[in-house]
Every structure is written in C-alpha cells, then in structure tokens.
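protein10.txt, holding compact mmCIF, C-alpha atoms:
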# COMPACT_ATOMS: atom_id res chain seq x y z
CA MET A 1 24.42 6.81 -2.89
CA ASN A 2 25.33 10.13 -1.37
CA ARG A 3 23.49 13.26 -0.33
CA ASN A 4 22.44 15.45 -3.27
CA ASP A 5 22.25 12.44 -5.58
CA LYS A 6 19.20 12.17 -7.83
CA ILE A 7 16.81 9.22 -7.65
CA GLY A 8 14.08 8.38 -10.13
CA ILE A 9 10.51 7.83 -8.91
CA VAL A 10 8.25 5.88 -11.28
CA SER A 11 5.03 3.87 -11.46
CA CYS A 12 5.58 1.04 -13.93
CA SER A 13 2.56 -0.88 -12.66
CA ASN A 14 -0.89 0.58 -11.90
CA GLY A 15 -1.07 4.36 -11.65
CA GLN A 16 -1.57 5.94 -8.25
CA LEU A 17 -4.98 7.32 -7.34
CA LEU A 18 -5.19 11.10 -7.35
CA SER A 19 -6.40 10.85 -3.76
CA TYR A 20 -2.87 9.68 -2.85
CA ARG A 21 -1.35 12.99 -3.93
CA ASN A 22 -0.95 14.27 -0.37
CA LYS A 23 0.87 11.07 0.64
CA LEU A 24 3.20 11.31 -2.33
CA GLU A 25 3.91 14.95 -1.53
CA LYS A 26 4.85 13.78 1.95
CA LEU A 27 7.13 11.16 0.40
CA ASP A 28 8.72 13.83 -1.78
CA ALA A 29 9.44 15.91 1.31
CA ARG A 30 10.84 12.93 3.20
CA ILE A 31 13.21 12.07 0.35
CA LYS A 32 14.41 15.66 0.24
CA ASP A 33 14.89 15.63 4.02
CA LEU A 34 17.24 12.69 3.50
CA GLY A 35 19.32 14.89 1.19
CA LEU A 36 18.29 13.24 -2.06
CA ILE A 37 16.75 14.85 -5.13
CA PRO A 38 13.66 12.99 -6.40
CA VAL A 39 13.06 13.00 -10.16
CA TRP A 40 9.39 12.16 -10.58
CA GLY A 41 8.20 10.37 -13.67
CA ASN A 42 5.36 11.54 -15.87
CA TYR A 43 3.18 8.46 -15.40
CA ILE A 44 2.66 8.41 -11.65
CA TYR A 45 -1.12 8.84 -11.51
CA GLU A 46 -3.94 6.75 -12.89
CA LEU A 47 -5.74 8.01 -15.97
CA GLU A 48 -8.46 5.36 -15.94
CA ASN A 49 -8.86 1.79 -14.73
CA GLY A 50 -5.33 1.65 -13.35
CA ILE A 51 -3.79 2.74 -16.65
CA ASN A 52 -1.25 5.55 -16.33
CA GLY A 53 0.29 5.65 -19.79
CA SER A 54 1.17 3.40 -22.69
CA PRO A 55 3.67 0.59 -22.05
CA LYS A 56 6.04 2.05 -24.65
CA ALA A 57 5.94 5.47 -23.01
CA LYS A 58 6.54 4.10 -19.53
CA ALA A 59 9.38 1.89 -20.77
CA LYS A 60 10.98 4.83 -22.60
CA GLU A 61 10.87 6.93 -19.45
CA LEU A 62 12.38 4.12 -17.38
CA MET A 63 15.19 3.70 -19.90
CA GLN A 64 15.89 7.44 -19.82
CA LEU A 65 16.36 7.21 -16.07
CA PHE A 66 18.66 4.20 -16.41
CA GLN A 67 20.76 6.14 -18.93
CA ASP A 68 20.94 9.35 -16.90
CA GLU A 69 24.31 9.21 -15.13
CA ASN A 70 23.05 11.65 -12.53
CA VAL A 71 20.29 9.27 -11.42
CA LYS A 72 21.83 6.83 -8.97
CA ALA A 73 18.80 4.62 -8.29
CA ILE A 74 15.22 4.15 -9.48
CA PHE A 75 12.38 3.53 -7.02
CA ASP A 76 9.04 2.30 -8.25
CA ILE A 77 6.19 3.31 -5.92
CA SER A 78 3.47 1.29 -7.63
CA GLY A 79 2.02 -2.18 -7.46
CA GLY A 80 -0.97 -3.94 -8.92
CA ASP A 81 -1.18 -5.82 -12.19
CA ILE A 82 0.28 -4.23 -15.30
CA ALA A 83 4.06 -3.88 -14.89
CA ASN A 84 4.80 -6.82 -17.20
CA GLU A 85 3.36 -4.93 -20.19
CA ILE A 86 6.56 -2.87 -20.46
CA LEU A 87 9.00 -5.80 -20.52
CA PRO A 88 9.29 -6.09 -24.34
CA TYR A 89 10.14 -2.40 -24.63
CA LEU A 90 13.10 -2.31 -22.25
CA ASP A 91 16.68 -2.33 -23.57
CA TYR A 92 18.33 -4.95 -21.39
CA LYS A 93 21.76 -4.43 -22.92
CA ILE A 94 21.71 -0.81 -21.79
CA ILE A 95 20.35 -1.76 -18.36
CA SER A 96 23.14 -4.32 -17.99
CA GLY A 97 25.77 -1.67 -18.59
CA THR A 98 24.55 0.78 -15.96
CA LYS A 99 25.25 0.92 -12.23
CA THR A 100 21.74 2.16 -11.52
CA LYS A 101 19.78 -0.08 -9.15
CA PHE A 102 16.04 -0.66 -9.53
CA TYR A 103 13.85 -0.94 -6.43
CA GLY A 104 10.22 -2.04 -6.26
CA TYR A 105 7.94 -4.67 -4.78
CA SER A 106 4.77 -6.67 -5.45
CA ASP A 107 3.95 -6.45 -9.19
CA LEU A 108 7.45 -5.07 -9.82
CA THR A 109 8.57 -8.65 -9.21
CA THR A 110 8.05 -8.99 -12.97
CA ILE A 111 10.54 -6.25 -13.90
CA ILE A 112 13.05 -7.22 -11.20
CA ASN A 113 13.20 -10.86 -12.30
CA ALA A 114 13.18 -9.95 -15.98
CA ILE A 115 16.21 -7.72 -15.42
CA TYR A 116 18.01 -10.58 -13.69
CA ALA A 117 16.97 -13.15 -16.31
CA LYS A 118 18.17 -10.97 -19.19
CA THR A 119 21.24 -9.36 -17.64
CA ASN A 120 22.28 -11.13 -14.38
CA LYS A 121 21.96 -7.68 -12.80
CA SER A 122 20.53 -7.53 -9.29
CA SER A 123 17.59 -5.37 -8.24
CA VAL A 124 15.87 -4.90 -4.89
CA LEU A 125 12.46 -5.89 -3.59
CA TYR A 126 11.68 -2.80 -1.52
CA GLN A 127 8.95 -0.16 -1.39
CA ILE A 128 10.22 3.37 -0.73
CA ARG A 129 6.74 4.43 0.41
CA ASN A 130 7.63 2.66 3.67
CA LEU A 131 9.49 5.87 4.56
CA ILE A 132 6.15 7.56 5.31
CA GLN A 133 4.11 4.66 6.64
CA SER A 134 3.53 3.28 10.13
CA ASP A 135 7.11 2.05 10.66
CA SER A 136 8.64 5.20 9.22
CA ASP A 137 11.07 5.87 12.08
CA ASN A 138 12.78 2.51 11.61
CA GLN A 139 12.52 2.67 7.82
CA VAL A 140 14.20 6.07 7.68
CA LYS A 141 16.97 4.78 9.93
CA TYR A 142 17.46 1.67 7.77
CA PHE A 143 17.42 3.77 4.60
CA LYS A 144 20.04 6.17 5.94
CA ASN A 145 22.29 3.40 7.20
CA SER A 146 22.03 1.03 4.25
CA ILE A 147 21.21 3.02 1.11
CA LEU A 148 22.97 6.23 2.05
CA GLY A 149 25.54 4.51 4.24
CA ASN A 150 27.63 1.37 4.35
CA GLU A 151 25.66 -0.69 6.85
CA PHE A 152 23.23 -3.52 6.14
CA ASP A 153 20.29 -2.77 8.44
CA LEU A 154 17.78 -2.78 5.59
CA TYR A 155 19.07 -6.05 4.15
CA ASN A 156 19.64 -8.06 7.34
CA PHE A 157 16.60 -10.10 8.30
CA SER A 158 15.84 -12.81 10.82
CA TYR A 159 14.59 -16.19 9.65
CA SER A 160 13.93 -19.67 10.92
CA PHE A 161 14.11 -23.03 9.20
CA ILE A 162 11.01 -25.14 8.78
CA GLN A 163 12.81 -27.98 7.03
CA GLN A 164 16.53 -28.80 6.89
CA SER A 165 19.04 -26.25 8.22
CA GLU A 166 20.97 -24.59 5.39
CA MET A 167 20.51 -23.18 1.90
CA ARG A 168 22.81 -21.32 -0.45
CA GLY A 169 22.21 -19.75 -3.84
CA VAL A 170 21.33 -16.64 -5.80
CA VAL A 171 17.87 -15.46 -4.77
CA VAL A 172 15.13 -15.09 -7.38
CA GLY A 173 11.40 -14.58 -7.01
CA GLY A 174 9.25 -12.20 -5.05
CA ASN A 175 5.48 -11.96 -5.11
CA ILE A 176 4.25 -15.43 -6.00
CA ARG A 177 1.31 -14.32 -8.16
CA CYS A 178 3.33 -11.79 -10.10
CA LEU A 179 6.36 -14.03 -10.56
CA LEU A 180 4.18 -16.60 -12.31
CA LYS A 181 3.22 -14.04 -14.96
CA LEU A 182 6.72 -14.65 -16.35
CA ALA A 183 6.21 -18.40 -16.77
CA GLY A 184 6.75 -19.49 -20.35
CA THR A 185 8.38 -16.20 -21.35
CA GLU A 186 11.96 -15.18 -22.00
CA TYR A 187 11.83 -13.22 -18.75
CA TRP A 188 11.49 -16.27 -16.49
CA PRO A 189 14.70 -16.63 -14.44
CA ASP A 190 16.67 -19.86 -14.53
CA MET A 191 15.76 -21.62 -11.30
CA HIS A 192 18.63 -24.11 -11.20
CA ASP A 193 20.62 -23.88 -7.95
CA LYS A 194 18.70 -20.77 -6.86
CA ILE A 195 16.96 -19.88 -3.63
CA LEU A 196 13.33 -19.17 -4.45
CA PHE A 197 11.84 -16.33 -2.39
CA LEU A 198 8.05 -16.14 -2.25
CA GLU A 199 5.65 -13.72 -0.57
CA SER A 200 2.12 -12.45 -1.10
CA TYR A 201 -0.27 -9.73 -0.02
CA GLY A 202 -3.60 -11.08 -1.25
CA GLY A 203 -4.76 -14.57 -2.00
CA LEU A 204 -6.04 -17.22 0.36
CA VAL A 205 -5.60 -20.99 0.50
CA PRO A 206 -7.14 -21.87 -2.90
CA GLN A 207 -5.00 -19.31 -4.70
CA MET A 208 -1.83 -20.55 -2.98
CA ILE A 209 -2.68 -24.12 -3.98
CA THR A 210 -2.97 -22.91 -7.59
CA TYR A 211 0.37 -21.09 -7.52
CA LEU A 212 2.28 -23.87 -5.75
CA SER A 213 0.79 -26.44 -8.10
CA GLN A 214 2.01 -24.46 -11.09
CA LEU A 215 5.52 -24.17 -9.65
CA LYS A 216 5.51 -27.91 -8.97
CA GLN A 217 4.34 -28.69 -12.51
CA MET A 218 7.11 -26.50 -13.88
CA ASN A 219 9.63 -28.60 -11.89
CA VAL A 220 10.80 -25.51 -10.04
CA PHE A 221 11.03 -27.30 -6.69
CA ASP A 222 13.34 -29.89 -8.29
CA GLN A 223 15.67 -27.15 -9.51
CA VAL A 224 16.09 -24.79 -6.54
CA THR A 225 18.38 -25.27 -3.54
CA GLY A 226 15.75 -24.01 -1.13
CA VAL A 227 12.63 -21.94 -0.64
CA LEU A 228 12.49 -18.84 1.56
CA LEU A 229 8.98 -17.73 2.45
CA GLY A 230 8.25 -14.13 3.32
CA THR A 231 4.98 -12.82 4.69
CA PHE A 232 1.63 -13.87 3.23
CA THR A 233 -0.33 -10.94 4.56
CA LYS A 234 -3.99 -11.84 4.17
CA MET A 235 -3.50 -15.50 5.01
CA GLN A 236 -1.57 -14.67 8.17
CA LYS A 237 -3.94 -11.93 9.26
CA ALA A 238 -6.96 -14.22 8.94
CA LYS A 239 -5.02 -17.15 10.46
CA TYR A 240 -6.08 -19.43 7.65
CA ARG A 241 -5.23 -23.12 7.76
CA PRO A 242 -3.40 -24.80 6.28
CA THR A 243 -0.71 -22.14 6.54
CA ILE A 244 1.57 -21.36 3.61
CA GLN A 245 4.32 -23.35 5.33
CA GLU A 246 2.02 -26.35 5.67
CA LEU A 247 0.86 -26.03 2.07
CA LEU A 248 4.37 -25.82 0.67
CA LYS A 249 5.36 -29.08 2.33
CA ASN A 250 2.77 -30.84 0.15
CA TYR A 251 4.72 -29.86 -2.96
CA VAL A 252 8.36 -30.45 -2.03
CA THR A 253 10.49 -33.34 -0.86
CA ASP A 254 11.61 -33.62 2.74
CA ASP A 255 15.20 -32.84 1.82
CA LEU A 256 14.50 -29.43 0.25
CA PRO A 257 15.39 -26.66 2.72
CA ILE A 258 12.53 -24.32 3.66
CA ALA A 259 12.93 -21.18 5.74
CA PHE A 260 10.53 -18.42 6.77
CA THR A 261 11.00 -14.74 7.54
CA ASN A 262 8.39 -12.40 8.94
CA GLU A 263 10.46 -9.37 7.93
CA ILE A 264 10.10 -9.25 4.15
CA GLY A 265 6.87 -8.77 2.23
CA HIS A 266 4.12 -6.20 1.90
CA GLY A 267 4.25 -4.87 5.45
CA SER A 268 5.15 -1.25 6.08
CA ASP A 269 7.94 -2.62 8.31
CA SER A 270 9.37 -4.80 5.56
CA LYS A 271 13.07 -5.02 4.97
CA ALA A 272 14.64 -5.51 1.54
CA MET A 273 15.60 -8.57 -0.49
CA ILE A 274 18.21 -8.34 -3.24
CA ILE A 275 17.11 -10.41 -6.22
CA GLY A 276 20.15 -11.65 -8.11
CA LYS A 277 22.44 -11.77 -5.07
CA GLU A 278 23.84 -14.94 -3.50
CA TYR A 279 22.64 -15.64 0.03
CA HIS A 280 23.79 -18.26 2.52
CA LEU A 281 21.14 -19.05 5.12
CA THR A 282 21.98 -21.40 7.95
CA THR A 283 21.04 -22.17 11.53
CA ASN A 284 24.73 -22.02 12.42
CA THR A 285 24.89 -18.26 12.92

Would you mind writing the file out in structure tokens?
Amino acid sequence: MNRNDKIGIVSCSNGQLLSYRNKLEKLDARIKDLGLIPVWGNYIYELENGINGSPKAKAKELMQLFQDENVKAIFDISGGDIANEILPYLDYKIISGTKTKFYGYSDLTTIINAIYAKTNKSSVLYQIRNLIQSDSDNQVKYFKNSILGNEFDLYNFSYSFIQQSEMRGVVVGGNIRCLLKLAGTEYWPDMHDKILFLESYGGLVPQMITYLSQLKQMNVFDQVTGVLLGTFTKMQKAKYRPTIQELLKNYVTDDLPIAFTNEIGHGSDSKAMIIGKEYHLTTNT
C-alpha cells in the first residue's frame, strides 16, 4: 500500500459499543496521520446484544469493499462471536480474483480461514486497533515499515521450540475457539501438511481441554506438520497449570513439532500472522 490509498474499516463480528466512539475517532485520526484514507463501514456499532446489522447486509458491504479497486486492504476492528454468520453470503470467486487483503483477529479467524479454504487466498491475523493502544509507538512503526513499506517488522516474530526443532507448511488457524466453529462445514481448511497456529484470549484449562480434545478427535494432529502456539492471555495471566504447552503434549505424539511465540495473539503488542502463507520455522536460524 501507498500513502493516499483507501482502506476499508468494518465490523463483521460483534458491533462496537457506542462508548468506544472516542477511541475509534482516535483510530480514524491515526490512520489519516499515516497518509491513508479510511472508508468506514455502516455496521460498526452495536444495535442491540452485539448485533450490528443483518448477515446479508454485512456480507454485501464487505463484498463491495473487495470489489472497489480503490480500496487496497480491509481491516476488521471487531471480535466476539458472530462473524461466521456472514460466511454463506460471501462471493469467494470474486474474493479470489482481487488483490485486496483482509485483516482481522479473534472471531475473524472464521472469515480468514474460510477465505483460505475456499480460495487459497491469504489473509492476516492482525488488529489495526493496536495502532492506538498501549504499544502504539511500536505498532505504528511496524505498520509503516511493513504495510506501507517493504520491510517485515510486523510479520517477524521470535519463537522457541517445545518439541522437535523444525516445522514447515502453510499456516492455518488462529483463535482456537473461533476456528472450531468451522468444524464440519465447507469453510474448514484442509489441515494436511499445514502448520496449525492456535491462540486464545479467554478460556481456562477446562475449555482448552475441550478444544484440544475436539481437534484430536478430528484427527487434526495426525494431519499437520506442526503446531505453533501463540499467547493464551487469561491462562498466562493467571498462571494456570497445566499450561497450554503442557496440555497440548497430552494430545500429540512426541514426534510432532511444537513451537511457542509470545508475540502473536490478543495483546496490544501483537505482531501479525499470515494465514495461507508457507512458513519455515527452525532452531537453525
């Protein structure tokens, strides 16, 4: 992207509270300071109970942004629970034919993985609201260098191996709870020879046991080339045991590579993960 390019701003999951208006006005100003022109969607704010518009209306608006040649990227600022309701109303053939990149995190895991499953097109796990949060100085720098420039600050992350020492494959996944909403649907990505990335904001040990058990019962851990764990915010903050790393080992064989990064997840200092891109992670770097 270049200065003076337009970017779409949408909320495909839960609508934003009206009390967030001042923060979103600050985000609008920050985007303009970066030289970009934000095009705000019509379904940003909550109407009631998280609902911000009908799924058909939100999908239509998203498709209009994908088809607008002047919009170079689409950033979803939402999260929550309801993004998957729009999946049947998206035109994946049109999305496949555009250069427009979709960015979002958390519940947008559903849309990001659906796009990959239906089109092989990559999208990015990243929350643009990080530009105005506690790590804003670094986030603005990363954004300038990587999204407006040709460097990779936003996409380069440190990691360490918990098991084995190398993994290679196209990355799929995202928020563990939201990814599993796609199970049994046409939007579930093929897991064969993939790196599975998993992170979470909420959920404690019992919930993680549920999610990992489901992945195990779906034979996912027999299909992937490795698992990369991001941050599990509430579990890490409360220092719950067993940790997510310890739990995962109960569900996989000793020869499946496992790595962990503290730099991708729900934190305001989070970097970005490209879903649908091949990664090669190794200790030999």

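With distances restricted to only C-alpha atoms, A:Gln133 is the closest residue to A:Ser268 from A:Met167, A:Phe143, A:Leu204, A:Gln133.
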
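Each of A:Asp91, A:Asp28, A:Asp76, A:Asp81 was checked against A:Met63 using all atoms listed in the file; the smallest atom-to-atom distance is that of A:Asp91.
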
What's around A:Asn156 at 9 Å? Count only C-alpha atoms, leave out sequence neighbours fewer than 2 positions away in its own chain, and write the answer as a compact mmCIF listing (two decimals) with C-alpha atoms, in the frame of the given file.
# COMPACT_ATOMS: atom_id res chain seq x y z
CA PHE A 152 23.23 -3.52 6.14
CA ASP A 153 20.29 -2.77 8.44
CA LEU A 154 17.78 -2.78 5.59
CA SER A 158 15.84 -12.81 10.82
CA LYS A 271 13.07 -5.02 4.97
CA ALA A 272 14.64 -5.51 1.54
CA MET A 273 15.60 -8.57 -0.49

Shell of 9 Å around A:Pro38, only C-alpha atoms, local chain residues under 4 positions omitted, as a PyMOL selection string: chain A and resi 5-9+28+31-32

Just checking: using only C-alpha atoms, which residue out of A:Asn145, A:Asn284, A:Ser136, A:Ser19 ends up closest to A:Gln164? A:Asn284

Looking at A:Asn49, A:Ile132, A:Asn14, A:Asp269, which one is nearest to A:Asp33, with distances taken over all atoms listed in the file? A:Ile132

With stretch 259-264 of chain A as the partner and 7 Å as the cut-off, tabulate the residues of stretch 77-184 of chain A that qualify, each row holding the nearest pair of atoms and their distance in Å to one decimal, using only C-alpha atoms, sorted by chain and rising number, as JSON lines.
{"residue": "A:Phe157", "atom": "CA", "partner": "A:Glu263", "partner_atom": "CA", "distance": 6.2}
{"residue": "A:Ser158", "atom": "CA", "partner": "A:Thr261", "partner_atom": "CA", "distance": 6.2}
{"residue": "A:Tyr159", "atom": "CA", "partner": "A:Thr261", "partner_atom": "CA", "distance": 4.4}
{"residue": "A:Ser160", "atom": "CA", "partner": "A:Ala259", "partner_atom": "CA", "distance": 5.5}
{"residue": "A:Phe161", "atom": "CA", "partner": "A:Ala259", "partner_atom": "CA", "distance": 4.1}
{"residue": "A:Ile162", "atom": "CA", "partner": "A:Ala259", "partner_atom": "CA", "distance": 5.3}
{"residue": "A:Gln163", "atom": "CA", "partner": "A:Ala259", "partner_atom": "CA", "distance": 6.9}

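If you measure from each of A:Lys60, A:Arg129, A:Arg168, A:Lys194 to A:Gly79 using all atoms listed in the file, the closest one turns out to be A:Arg129.
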
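Note that the spacing between atom CA of A:Leu47 and atom CA of A:Ser11 amounts to 12.4 Å.
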
When you look at A:Gln223 with a cut-off of 7 Å (counting all atoms listed in the file), what residues show up, excluding the ones that are within fewer than 4 positions of it in the same chain? I need them as a PyMOL selection string. chain A and resi 191-193+219

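With only C-alpha atoms as the atoms that count, the residue of A:Val39, A:Ile86, A:Cys178, A:Leu198 with the shortest distance to A:Lys58 is A:Ile86.
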
Close residues, stretch 93-95 of chain A itself excluded, 10 Å, only C-alpha atoms, min 6 positions apart in chain, as number ranges by chain: A: 62-63, 66-67, 101-102, 115, 118-119, 121

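Distance-wise, atom CA of A:Tyr240 and atom CA of A:Gln214 end up 21.0 Å apart.
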